[in-house]
Amino acid sequence: MGDVLAGFHAVWEFDTDSVLIRFERGIRRPKLFQALGERRIPYEALASVEVTEGRRGTVVLRAVPRPGADPLMEAANGQLKEDADPYRLVLPAERGTLAEYYADELRTTLGPAAKEPAERHLVAAPDPPLHFKAYDGKASFDGSSVAFRWFWTGASSAKWKRGDQTFTVGALAGVEWRSPEIFHGYLRLLEREAQEPAAGEADQDPAAVVFGLGYGPVHESLPFAASVLQAVRAAEGTEPPREEPVRRRTGETRRDPADIADRIRHLGELHDAGLLTDDEFSTKKAELLAEL
């Protein structure tokens, strides 16, 4: 189509085979949009297009992705708030006719497969490396493996005793993301052949990190989950390297200076907030430095 349609939080640029969604930056913009930056959505990834009446004199043009086409929406599993839906374009009500025009144009691009779930991901997830801080640890993804590094002050004793964890993509079957905006939010990795049954509660499961106030926000943890999920789907049908364990258990040496520095900074934040005494802070800092 070659046209551009600008809304309140995003601009849609229409091409012959896809629409490029550019998210605007700003204080009042959803942080998820700012984190995504822009996304190219192939028309073959869409199931339908709709125009609805919005709030406060607006109309909403929304493209509905096919199930399984977008790893971000697959990971979100319906938990995103309406205003954080990256497939919604909010326009002034007086542009309703224009919204209907573009909706009709998009509908003409939909083929018979639009009614079926996608067999593979058609929309790209954010590229690794990615990382974020959860309440009980730091999660990192380098494209081939996911690492959980526990925080002494947040991780349960069960996790701390098990030690930091590393999971290769080929050993995973998927991810389970529960929004941090919901009580008891978490990110859990689902293993193909778990070495033991997963714990019922995420705070006891070494294959999961839990969220908390200010930890694992949507704009950090959801793109992370989507990126891991996309890598897992791409690796399906391949065997994980036999010479590498799925998880590194207790006794793994923690000598990464950056990781030690992260832990000390986290302790410092808790000390500054009055949650750790001077003695507790000094003792734990010495223990961490001794690991170098």
# chains A, B, ... in the order shown; residues from 1 in each chain; ligands from 1
>>> residues_around(residues="Val146 in chain A", least_positions_apart="6", cutoff="8 Å", atoms="only C-alpha atoms", output="list in words")
Ala139, Ser140, Thr166, Phe167, Thr168, Val169 and Val228 of chain A
>>> residues_around(residues="Gly216 in chain A", least_positions_apart="6", cutoff="9 Å", atoms="only C-alpha atoms", output="PDB file with C-alpha atoms, in the first residue's frame")
ATOM      1  CA  PHE A 132      16.522  -8.403  33.611  1.00  0.00           C
ATOM      2  CA  LYS A 133      16.439  -8.441  37.389  1.00  0.00           C
ATOM      3  CA  ALA A 134      13.784 -10.524  39.050  1.00  0.00           C
ATOM      4  CA  TYR A 135      13.102 -10.396  42.775  1.00  0.00           C
ATOM      5  CA  SER A 179       2.658 -11.022  34.321  1.00  0.00           C
ATOM      6  CA  PRO A 180       4.330  -9.069  37.149  1.00  0.00           C
ATOM      7  CA  GLY A 185       4.145 -13.176  38.741  1.00  0.00           C
ATOM      8  CA  TYR A 186       7.040 -15.291  37.453  1.00  0.00           C
ATOM      9  CA  LEU A 187       8.955 -16.594  34.444  1.00  0.00           C
ATOM     10  CA  VAL A 209      12.426 -16.545  38.674  1.00  0.00           C
ATOM     11  CA  VAL A 210       9.757 -14.625  40.549  1.00  0.00           C
ATOM     12  CA  LEU A 222       8.040 -10.249  28.347  1.00  0.00           C
TER      13      LEU A 222
END
>>> atom_distance(atom1="CA of Val218 in chain A", atom2="CA of Gly174 in chain A")
18.3 Å
>>> residues_around(residues="Val49 in chain A", least_positions_apart="6", cutoff="12 Å", atoms="only C-alpha atoms", output="MDAnalysis selection string")
chainID A and resid 43 60:66 87:89 99:110 114
>>> atom_distance(atom1="CA of Val232 in chain A", atom2="CA of Lys161 in chain A")
27.6 Å
>>> select_by_dssp(residues="range 17-213 of chain A", states="helix (DSSP H, G or I)", output="ChimeraX atom specification")
/A:31-36,43-45,71-76,82-84,93-107,112-115,157-162,169-171,202-204
>>> select_by_dssp(residues="range 122-229 of chain A", states="strand (DSSP E)", output="VMD selection string")
chain A and resid 130 to 133 137 to 141 145 to 150 165 to 168 172 to 178 186 to 191 208 to 210
>>> closest_residue(among="A:Val90, A:Leu172, A:Ile182, A:Leu189", to="Glu53 in chain A", atoms="only C-alpha atoms")
A:Val90
>>> atom_distance(atom1="CA of Ala208 in chain A", atom2="CA of Val123 in chain A")
25.6 Å
>>> closest_residue(among="A:Arg40, A:Arg29, A:His266, A:Arg192", to="Phe14 in chain A", atoms="only C-alpha atoms")
A:Arg40
